[in-house]
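With mmCIF, C-alpha atoms inside, this is target_22.cif:
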data_final
#
loop_
_atom_site.label_atom_id
_atom_site.label_comp_id
_atom_site.auth_asym_id
_atom_site.auth_seq_id
_atom_site.Cartn_x
_atom_site.Cartn_y
_atom_site.Cartn_z
CA MET A 1 154.43 69.51 95.47
CA LEU A 2 152.51 66.40 94.61
CA LEU A 3 152.12 65.68 98.28
CA LEU A 4 150.87 69.19 98.95
CA GLY A 5 148.40 68.83 96.10
CA ALA A 6 147.20 65.53 97.48
CA VAL A 7 146.81 67.01 100.95
CA LEU A 8 144.91 69.98 99.55
CA ALA A 9 142.71 67.74 97.47
CA LEU A 10 142.02 65.50 100.44
CA GLY A 11 141.30 68.55 102.59
CA THR A 12 138.88 69.90 100.01
CA VAL A 13 137.18 66.55 99.74
CA GLY A 14 137.00 66.42 103.51
CA ILE A 15 135.38 69.85 103.74
CA ALA A 16 133.06 69.00 100.87
CA TRP A 17 132.10 65.79 102.62
CA ALA A 18 131.46 67.62 105.90
CA THR A 19 129.39 70.36 104.27
CA ALA A 20 127.62 67.79 102.10
CA GLY A 21 126.21 66.42 105.34
CA LEU A 22 125.45 69.87 106.70
CA ALA A 23 123.93 71.51 103.64
CA PRO A 24 120.74 69.42 103.56
CA ILE A 25 120.22 70.10 107.28
CA VAL A 26 120.55 73.86 106.80
CA HIS A 27 118.42 73.88 103.67
CA ALA A 28 115.70 71.81 105.28
CA ARG A 29 115.73 74.19 108.25
CA GLN A 30 115.40 77.16 105.93
CA SER A 31 112.46 75.63 104.12
CA HIS A 32 110.78 74.81 107.46
CA PHE A 33 111.16 78.42 108.55
CA LYS A 34 109.82 79.61 105.21
CA ALA A 35 106.77 77.43 105.73
CA LEU A 36 106.39 78.99 109.17
CA GLY A 37 106.66 82.51 107.70
CA ARG A 38 104.21 81.64 104.94
CA ALA A 39 101.65 80.39 107.46
CA ALA A 40 102.16 83.44 109.68
CA LYS A 41 101.69 85.83 106.79
CA SER A 42 98.60 83.98 105.61
CA LEU A 43 97.20 84.22 109.14
CA ARG A 44 97.90 87.96 109.37
CA ASP A 45 96.34 88.49 105.96
CA GLN A 46 93.15 86.88 107.29
CA ILE A 47 93.18 89.06 110.42
CA GLY A 48 93.40 92.14 108.20
CA ARG A 49 90.11 91.21 106.56
CA SER A 50 86.75 92.36 107.87
CA GLU A 51 85.63 88.71 108.16
CA PRO A 52 88.46 86.18 108.38
CA ASP A 53 88.12 82.88 106.55
CA TRP A 54 88.10 80.66 109.64
CA SER A 55 89.02 77.47 107.80
CA ILE A 56 92.22 79.13 106.52
CA VAL A 57 92.90 80.49 110.01
CA ALA A 58 92.48 77.03 111.53
CA SER A 59 94.76 75.34 109.01
CA ASP A 60 97.43 78.05 109.39
CA ALA A 61 97.30 77.72 113.16
CA ARG A 62 97.62 73.94 112.94
CA GLU A 63 100.57 74.27 110.56
CA ILE A 64 102.30 76.75 112.88
CA GLU A 65 101.75 74.52 115.90
CA ARG A 66 103.09 71.47 114.04
CA LEU A 67 106.22 73.36 112.90
CA ALA A 68 106.76 74.96 116.33
CA ALA A 69 106.71 71.52 117.95
CA ALA A 70 109.36 70.27 115.52
CA LEU A 71 111.55 73.39 115.67
CA PRO A 72 114.14 72.25 118.27
CA SER A 73 115.00 69.24 116.10
CA TRP A 74 116.07 71.50 113.22
CA PHE A 75 119.16 72.63 115.14
CA PRO A 76 121.55 69.69 115.55
CA GLU A 77 124.89 70.50 117.15
CA GLY A 78 127.35 71.99 114.68
CA SER A 79 124.78 73.31 112.19
CA GLY A 80 125.32 77.00 113.00
CA ARG A 81 127.45 79.69 111.47
CA GLY A 82 131.09 78.98 110.70
CA HIS A 83 130.71 75.36 109.68
CA GLY A 84 131.01 75.96 105.96
CA VAL A 85 127.35 76.37 105.01
CA LYS A 86 125.82 79.84 104.87
CA THR A 87 123.28 80.21 107.66
CA ARG A 88 122.05 82.89 110.03
CA ALA A 89 121.84 80.50 112.98
CA ARG A 90 124.02 82.04 115.69
CA ALA A 91 126.42 80.07 117.85
CA ALA A 92 124.42 81.29 120.88
CA ILE A 93 121.82 78.61 120.07
CA TRP A 94 124.27 75.93 121.23
CA ALA A 95 126.14 78.11 123.72
CA LYS A 96 122.94 78.81 125.67
CA PRO A 97 120.88 75.67 125.12
CA GLN A 98 118.61 76.36 128.09
CA GLU A 99 117.68 79.80 126.86
CA PHE A 100 117.11 78.50 123.36
CA GLY A 101 114.97 75.65 124.66
CA GLN A 102 112.91 78.09 126.68
CA ALA A 103 112.38 80.30 123.63
CA ALA A 104 111.28 77.28 121.59
CA ARG A 105 108.85 76.17 124.31
CA ARG A 106 107.47 79.69 124.48
CA LEU A 107 106.80 79.56 120.77
CA LEU A 108 105.03 76.21 121.09
CA ASN A 109 102.89 77.46 123.99
CA ARG A 110 101.85 80.50 122.05
CA ALA A 111 101.14 78.43 118.97
CA GLN A 112 98.84 76.23 121.07
CA ASP A 113 97.11 79.34 122.45
CA LEU A 114 96.66 80.46 118.86
CA THR A 115 95.08 77.16 117.81
CA ARG A 116 92.62 77.46 120.70
CA ALA A 117 91.82 81.08 119.78
CA ALA A 118 91.27 80.01 116.18
CA ALA A 119 88.78 77.40 117.37
CA THR A 120 86.75 80.02 119.31
CA ARG A 121 86.34 82.11 116.14
CA ASP A 122 86.75 85.26 118.20
CA PRO A 123 88.55 87.83 115.99
CA ARG A 124 89.88 89.79 118.96
CA ALA A 125 91.34 86.75 120.68
CA LEU A 126 92.82 85.66 117.38
CA ALA A 127 94.50 89.06 116.83
CA LEU A 128 95.84 89.02 120.39
CA ARG A 129 97.26 85.48 120.14
CA THR A 130 98.75 86.16 116.73
CA ARG A 131 100.54 89.22 118.05
CA ALA A 132 101.86 87.20 121.00
CA LEU A 133 103.11 84.55 118.59
CA GLY A 134 104.86 87.20 116.51
CA GLN A 135 106.61 88.47 119.62
CA ALA A 136 107.87 84.94 120.32
CA CYS A 137 109.27 84.75 116.76
CA GLY A 138 110.82 88.20 116.96
CA SER A 139 112.43 87.91 120.38
CA CYS A 140 114.03 84.60 119.46
CA HIS A 141 115.28 85.99 116.14
CA ARG A 142 116.82 88.96 117.88
CA ARG A 143 118.83 86.70 120.16
CA PHE A 144 119.59 83.70 118.00
CA ARG A 145 119.38 84.81 114.38
CA ALA A 146 122.01 87.00 112.78
CA ARG A 147 121.02 90.34 111.26
CA SER A 148 117.72 92.17 111.16
CA SER A 149 114.53 90.31 110.40
CA TRP A 150 114.47 91.61 106.84
CA TRP A 151 117.39 89.73 105.33
CA MET B 1 135.38 132.53 86.33
CA THR B 2 133.73 134.53 83.67
CA ALA B 3 131.29 136.64 85.61
CA GLU B 4 131.78 140.37 85.52
CA ALA B 5 131.22 142.40 88.64
CA PRO B 6 128.84 140.28 90.73
CA THR B 7 125.72 141.99 91.93
CA ASN B 8 126.29 143.03 95.44
CA GLY B 9 124.74 141.06 98.27
CA ARG B 10 122.87 137.83 98.08
CA VAL B 11 120.47 136.32 95.65
CA ARG B 12 117.73 133.91 96.61
CA VAL B 13 118.09 130.58 94.79
CA TRP B 14 116.14 127.88 96.66
CA ASP B 15 112.58 128.38 97.81
CA PHE B 16 111.45 127.14 101.20
CA PRO B 17 109.49 124.06 99.98
CA THR B 18 112.53 122.82 98.02
CA ARG B 19 114.80 123.21 101.03
CA LEU B 20 112.28 121.67 103.40
CA SER B 21 111.82 118.70 101.02
CA HIS B 22 115.56 118.19 100.89
CA TRP B 23 116.18 118.20 104.63
CA THR B 24 113.04 116.20 105.39
CA LEU B 25 114.29 113.51 103.01
CA VAL B 26 117.68 113.54 104.71
CA SER B 27 116.15 113.07 108.17
CA LEU B 28 113.56 110.52 107.06
CA PHE B 29 116.27 108.53 105.28
CA GLY B 30 118.20 108.44 108.55
CA VAL B 31 115.10 107.36 110.46
CA CYS B 32 114.36 104.62 107.91
CA TRP B 33 117.91 103.36 108.05
CA TRP B 34 118.03 103.20 111.83
CA THR B 35 114.56 101.70 112.28
CA ALA B 36 115.33 99.00 109.69
CA LYS B 37 118.61 98.12 111.45
CA SER B 38 116.93 97.94 114.83
CA ASP B 39 113.71 96.28 113.64
CA HIS B 40 111.36 99.11 114.67
CA MET B 41 108.99 98.38 111.84
CA ARG B 42 106.09 100.53 112.94
CA TRP B 43 108.28 103.63 112.80
CA HIS B 44 109.99 102.40 109.66
CA ARG B 45 106.63 102.23 107.88
CA ILE B 46 105.59 105.68 109.09
CA ALA B 47 108.88 107.24 108.01
CA GLY B 48 108.60 105.40 104.69
CA TYR B 49 105.16 106.90 104.06
CA GLY B 50 106.75 110.26 104.79
CA VAL B 51 109.46 109.62 102.20
CA LEU B 52 106.82 108.65 99.65
CA GLY B 53 104.89 111.86 100.33
CA VAL B 54 107.95 114.10 100.14
CA VAL B 55 109.18 112.47 96.91
CA LEU B 56 105.75 112.91 95.31
CA PHE B 57 105.70 116.50 96.51
CA ARG B 58 109.15 117.19 95.09
CA LEU B 59 108.18 115.64 91.76
CA ALA B 60 105.05 117.82 91.56
CA TRP B 61 107.00 120.86 92.77
CA GLY B 62 109.33 120.26 89.84
CA PHE B 63 106.45 121.31 87.59
CA CYS B 64 104.79 124.12 89.51
CA GLY B 65 107.37 125.40 92.01
CA GLY B 66 109.89 128.22 91.79
CA GLN B 67 112.16 128.48 88.77
CA THR B 68 115.15 126.68 90.31
CA ALA B 69 112.94 123.82 91.50
CA ARG B 70 111.49 123.09 88.05
CA PHE B 71 112.77 120.15 86.04
CA GLY B 72 112.20 122.19 82.91
CA ASP B 73 114.68 124.73 84.24
CA PHE B 74 117.55 122.46 85.21
CA VAL B 75 117.27 119.12 83.40
CA ARG B 76 119.47 119.37 80.30
CA GLY B 77 120.14 117.12 77.35
CA PRO B 78 123.32 115.06 76.82
CA ALA B 79 125.07 117.75 74.74
CA ALA B 80 124.58 120.48 77.32
CA THR B 81 125.66 118.09 80.07
CA CYS B 82 128.85 117.19 78.16
CA ARG B 83 129.62 120.87 77.61
CA TYR B 84 129.20 121.47 81.30
CA VAL B 85 131.49 118.57 82.24
CA ARG B 86 134.18 119.79 79.84
CA LYS B 87 134.01 123.23 81.36
CA LEU B 88 134.11 121.77 84.84
CA LEU B 89 137.26 119.81 84.01
CA GLY B 90 138.97 122.96 82.83
CA HIS B 91 138.65 122.57 79.09
CA ARG B 92 138.05 125.91 77.50
CA GLY B 93 134.81 125.76 75.66
CA GLU B 94 132.14 128.17 74.67
CA ASP B 95 131.29 130.09 77.79
CA ALA B 96 127.75 129.34 78.69
CA PRO B 97 126.77 131.20 81.85
CA ALA B 98 126.74 128.93 84.90
CA PRO B 99 123.16 128.05 85.79
CA ILE B 100 121.81 129.84 88.83
CA GLY B 101 120.18 126.70 90.25
CA HIS B 102 121.17 123.07 89.73
CA ASN B 103 123.89 122.40 87.17
CA PRO B 104 123.30 119.68 84.53
CA LEU B 105 125.17 117.04 86.53
CA GLY B 106 123.25 117.87 89.68
CA ALA B 107 120.09 117.57 87.61
CA LEU B 108 121.03 114.01 86.67
CA SER B 109 121.72 113.08 90.26
CA ILE B 110 118.37 114.55 91.33
CA LEU B 111 116.52 112.48 88.75
CA VAL B 112 118.36 109.31 89.77
CA MET B 113 117.89 110.01 93.48
CA LEU B 114 114.15 110.71 93.17
CA ALA B 115 113.66 107.66 90.96
CA LEU B 116 115.53 105.45 93.44
CA LEU B 117 113.55 106.82 96.39
CA LEU B 118 110.26 106.27 94.59
CA THR B 119 111.34 102.73 93.68
CA GLN B 120 112.46 102.13 97.24
CA THR B 121 109.20 103.23 98.86
CA THR B 122 107.14 101.30 96.32
CA LEU B 123 109.13 98.12 96.98
CA GLY B 124 108.69 98.66 100.70
CA LEU B 125 104.91 98.78 100.40
CA PHE B 126 104.94 95.08 99.40
CA ALA B 127 107.88 93.80 101.46
CA VAL B 128 107.54 90.99 104.02
CA ASN B 129 110.11 90.08 106.68
CA VAL B 130 111.51 86.60 107.46
CA ASP B 131 108.94 85.53 110.02
CA GLY B 132 105.99 86.98 108.11
CA PHE B 133 105.07 89.16 111.09
CA ALA B 134 106.12 92.52 109.69
CA SER B 135 105.16 93.74 106.27
CA GLY B 136 104.36 96.72 104.10
CA PRO B 137 100.72 97.85 103.85
CA PHE B 138 100.15 96.13 100.49
CA ALA B 139 101.88 92.85 101.34
CA ARG B 140 98.50 91.14 101.54
CA TRP B 141 98.24 91.37 97.77
CA VAL B 142 101.36 89.27 97.25
CA SER B 143 102.49 85.83 98.44
CA PHE B 144 105.06 85.31 101.18
CA GLY B 145 107.75 84.42 98.63
CA THR B 146 107.01 87.47 96.48
CA GLY B 147 106.97 89.68 99.56
CA ARG B 148 110.40 88.32 100.51
CA ARG B 149 111.64 89.10 97.01
CA PHE B 150 110.35 92.65 97.44
CA ALA B 151 112.25 92.87 100.72
CA HIS B 152 115.48 91.75 99.06
CA LEU B 153 115.03 94.26 96.24
CA HIS B 154 114.30 96.86 98.93
CA ALA B 155 117.69 96.02 100.46
CA ALA B 156 119.44 96.19 97.08
CA THR B 157 117.92 99.57 96.26
CA PHE B 158 119.06 100.76 99.65
CA GLN B 159 122.66 99.97 98.64
CA LEU B 160 122.17 101.95 95.43
CA LEU B 161 120.80 104.85 97.47
CA LEU B 162 123.82 104.75 99.76
CA ALA B 163 126.09 104.86 96.70
CA MET B 164 124.11 107.78 95.28
CA ILE B 165 124.38 109.65 98.58
CA GLY B 166 128.12 109.00 98.52
CA VAL B 167 128.34 110.53 95.03
CA HIS B 168 126.25 113.48 96.20
CA LEU B 169 128.52 114.13 99.20
CA ALA B 170 131.65 113.68 97.07
CA ALA B 171 130.31 116.28 94.62
CA ILE B 172 129.73 118.71 97.48
CA GLY B 173 133.31 118.12 98.62
CA PHE B 174 134.60 118.62 95.07
CA TYR B 175 132.82 121.94 94.68
CA ARG B 176 134.11 123.06 98.06
CA LEU B 177 137.74 122.09 97.47
CA ALA B 178 138.24 122.48 93.74
CA ARG B 179 135.88 125.35 93.00
CA ASN B 180 135.65 127.04 96.37
CA GLU B 181 131.87 126.93 96.25
CA SER B 182 129.83 126.00 99.33
CA LEU B 183 126.65 124.20 98.34
CA VAL B 184 125.34 123.30 101.78
CA PRO B 185 124.60 126.76 103.28
CA PRO B 186 122.42 127.84 100.32
CA MET B 187 120.37 124.66 100.76
CA ILE B 188 119.85 125.73 104.39
CA HIS B 189 119.08 129.45 104.10
CA GLY B 190 118.22 129.64 100.42
CA PHE B 191 120.66 132.36 99.35
CA LYS B 192 123.81 132.38 97.29
CA SER B 193 126.22 135.20 97.91
CA ARG B 194 126.60 136.26 94.31
CA ALA B 195 124.77 135.86 91.04
CA PRO B 196 127.27 134.75 88.38
CA SER B 197 125.09 135.98 85.56
CA GLY B 198 123.04 138.58 87.32
CA VAL B 199 119.97 136.42 86.74
CA VAL B 200 117.35 136.51 89.46
CA PRO B 201 115.08 133.45 89.44
CA TYR B 202 111.36 133.76 89.90
CA PHE B 203 109.42 132.18 92.75
CA VAL B 204 105.82 131.19 93.34
CA PRO B 205 103.52 132.07 96.25
CA TRP B 206 103.83 129.91 99.37
CA TRP B 207 100.17 128.82 99.39
CA ARG B 208 100.78 126.84 96.22
CA ALA B 209 103.12 124.55 98.18
CA LEU B 210 100.60 124.28 101.00
CA PHE B 211 97.85 123.40 98.54
CA LEU B 212 100.04 120.78 96.87
CA ALA B 213 101.23 119.30 100.17
CA THR B 214 97.64 118.94 101.38
CA GLY B 215 96.69 117.20 98.16
CA ILE B 216 99.61 114.81 98.38
CA PHE B 217 98.95 114.10 102.05
CA LEU B 218 95.36 113.17 101.18
CA PHE B 219 96.54 111.08 98.24
CA VAL B 220 98.99 109.08 100.36
CA ALA B 221 96.39 108.66 103.13
CA LEU B 222 93.86 107.43 100.56
CA LEU B 223 96.43 105.09 99.00
CA LEU B 224 97.23 103.56 102.38
CA SER B 225 93.57 103.20 103.28
CA MET B 226 93.20 100.80 100.34
CA ARG B 227 95.12 98.06 102.11
#
Would you mind writing the file out in structure tokens?
Amino acid sequence: MLLLGAVLALGTVGIAWATAGLAPIVHARQSHFKALGRAAKSLRDQIGRSEPDWSIVASDAREIERLAAALPSWFPEGSGRGHGVKTRARAAIWAKPQEFGQAARRLLNRAQDLTRAAATRDPRALALRTRALGQACGSCHRRFRARSSWW
Amino acid sequence: MTAEAPTNGRVRVWDFPTRLSHWTLVSLFGVCWWTAKSDHMRWHRIAGYGVLGVVLFRLAWGFCGGQTARFGDFVRGPAATCRYVRKLLGHRGEDAPAPIGHNPLGALSILVMLALLLTQTTLGLFAVNVDGFASGPFARWVSFGTGRRFAHLHAATFQLLLAMIGVHLAAIGFYRLARNESLVPPMIHGFKSRAPSGVVPYFVPWWRALFLATGIFLFVALLLSMR
């Protein structure tokens, strides 16, 4: 009985220790993605205006490009679903690393296109590049993120 | 059953705008559900605007439509509702004639359902998705975090709506099995086969609905053009 208790306690401690290492990784990832979403929304809000505030557009585009470049590093092996911390990161991310890498590169490319479009101050190019960026987000989420894009 | 000899034939209970509102809501709810699941946000928004319009129409129709569509006709106070429930459960009480249109319990569910749908569409107008690339028409007026909160509330209200629909369907089943009353066909063709009290409800001319629908369409269009 005592032994069982000790084993259980040790097991719990072990799981707690493992998730203690994982939780900050997952939470940091979530806050990075929130920053990405915040910048994307801010950008789209500017596009909806008759005359976008180009300084906001430029800073949003820079932020998105910076985050897109860092994105692959947010997914260390073993930080997906089923490791004890609630996350929507699917196992496919690590099962198909090539595909995931490609999707991440696509995002970065489109973010760079966006930064260039922002620098030209051409509203049509900006709208086009923003839409392309959104498609990169969406197609990756459909494959590698669990559930619909609303929750 | 207390009714004496029922009047022969059928009696009209639901006017066309009420029935059309009901079935349009059913189909639009289905469209909204499916488009949200499959991330077809353009269509989700359009269907959502439709729901908003139909709910507003039904609310207005509750004040100027046919007798059975009017809130004043079917919304009852707590005492009348309790009496109805007691009668429904088989307790002998004073025999109030069964209402020709919605019963007091149905009235409650209509109020809750319309309130939930109005809440749901309003929440949707401000909702933002995870990547910030899909949003309701008024999302620009709120921050990303607030828009996400709207989206989560939108999801919670959806669960309440599902529960409400479950209650609604269960009630239909109860009336069918326990009281041998079919509620679905009258909501399709508008007639009930017998009038328990011999009462014939009044209706209003069709152009009133057309007039109202046009007004509400313009209102929703104007509302959305503000974004």
- Report as a ChimeraX atom specification the full result of the PyMOL selection byres ((chain A) within 12 of (chain B)) when it is applied to this structure. /A:30-50,64,88,130-142,145-151
Please provide the set of residues having any atom within 10 Å of Leu108 (chain B), restricted to only C-alpha atoms, with same-chain residues fewer than 6 positions apart removed, written as a PDB file with C-alpha atoms, in the frame of the given file.
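The result, written out as around_35.pdb:
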ATOM      1  CA  PHE B  74     117.550 122.460  85.210  1.00  0.00           C
ATOM      2  CA  VAL B  75     117.270 119.120  83.400  1.00  0.00           C
ATOM      3  CA  ARG B  76     119.470 119.370  80.300  1.00  0.00           C
ATOM      4  CA  GLY B  77     120.140 117.120  77.350  1.00  0.00           C
ATOM      5  CA  THR B  81     125.660 118.090  80.070  1.00  0.00           C
ATOM      6  CA  HIS B 102     121.170 123.070  89.730  1.00  0.00           C
TER       7      HIS B 102
END
- Task: Please write the residues picked by the PyMOL selection byres ((chain B and resi 164-178) around 10) on this file as a PyMOL selection string.
- Result: chain B and resi 26+88+105-106+109-110+112-113+116+158-163+179-184
Include C-alpha atoms and write out the residues we just selected as a PDB file, in the frame of the given file.
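result-v8.pdb was written with the following content:
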ATOM      1  CA  VAL B  26     117.680 113.540 104.710  1.00  0.00           C
ATOM      2  CA  LEU B  88     134.110 121.770  84.840  1.00  0.00           C
ATOM      3  CA  LEU B 105     125.170 117.040  86.530  1.00  0.00           C
ATOM      4  CA  GLY B 106     123.250 117.870  89.680  1.00  0.00           C
ATOM      5  CA  SER B 109     121.720 113.080  90.260  1.00  0.00           C
ATOM      6  CA  ILE B 110     118.370 114.550  91.330  1.00  0.00           C
ATOM      7  CA  VAL B 112     118.360 109.310  89.770  1.00  0.00           C
ATOM      8  CA  MET B 113     117.890 110.010  93.480  1.00  0.00           C
ATOM      9  CA  LEU B 116     115.530 105.450  93.440  1.00  0.00           C
ATOM     10  CA  PHE B 158     119.060 100.760  99.650  1.00  0.00           C
ATOM     11  CA  GLN B 159     122.660  99.970  98.640  1.00  0.00           C
ATOM     12  CA  LEU B 160     122.170 101.950  95.430  1.00  0.00           C
ATOM     13  CA  LEU B 161     120.800 104.850  97.470  1.00  0.00           C
ATOM     14  CA  LEU B 162     123.820 104.750  99.760  1.00  0.00           C
ATOM     15  CA  ALA B 163     126.090 104.860  96.700  1.00  0.00           C
ATOM     16  CA  ARG B 179     135.880 125.350  93.000  1.00  0.00           C
ATOM     17  CA  ASN B 180     135.650 127.040  96.370  1.00  0.00           C
ATOM     18  CA  GLU B 181     131.870 126.930  96.250  1.00  0.00           C
ATOM     19  CA  SER B 182     129.830 126.000  99.330  1.00  0.00           C
ATOM     20  CA  LEU B 183     126.650 124.200  98.340  1.00  0.00           C
ATOM     21  CA  VAL B 184     125.340 123.300 101.780  1.00  0.00           C
TER      22      VAL B 184
END
Non-local contacts of Pro78 (chain B) (12 Å; all atoms listed in the file; under 5 positions in same chain excluded) as a PDB file with C-alpha atoms, in the coordinates of the input:
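Saved file around-v1.pdb follows:
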ATOM      1  CA  ARG B  83     129.620 120.870  77.610  1.00  0.00           C
ATOM      2  CA  TYR B  84     129.200 121.470  81.300  1.00  0.00           C
ATOM      3  CA  VAL B  85     131.490 118.570  82.240  1.00  0.00           C
ATOM      4  CA  PRO B 104     123.300 119.680  84.530  1.00  0.00           C
ATOM      5  CA  LEU B 105     125.170 117.040  86.530  1.00  0.00           C
ATOM      6  CA  ALA B 107     120.090 117.570  87.610  1.00  0.00           C
ATOM      7  CA  LEU B 108     121.030 114.010  86.670  1.00  0.00           C
TER       8      LEU B 108
END
- If you count only C-alpha atoms, which residues fall within 7 Å of Leu108 (chain A), apart from same-chain ones fewer than 5 positions away, as a ChimeraX atom specification? /A:65,68-69
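Interatomic distance, CA of Ala91 (chain A) against CA of His40 (chain B): 24.5 Å.
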- Task: Go ahead and compute the interatomic distance for CA of Arg90 (chain A) and CA of Ala23 (chain A), in Å to one decimal.
- Result: 16.0 Å
- Query: What is the distance between CA of Asp113 (chain A) and CA of Arg143 (chain A), in Å to one decimal?
  - Reply: 23.0 Å
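Using all atoms listed in the file, the nearest neighbour of Lys96 (chain A) within the list A:His27, A:Ala125, A:Phe144, A:Asp53 is A:Phe144.
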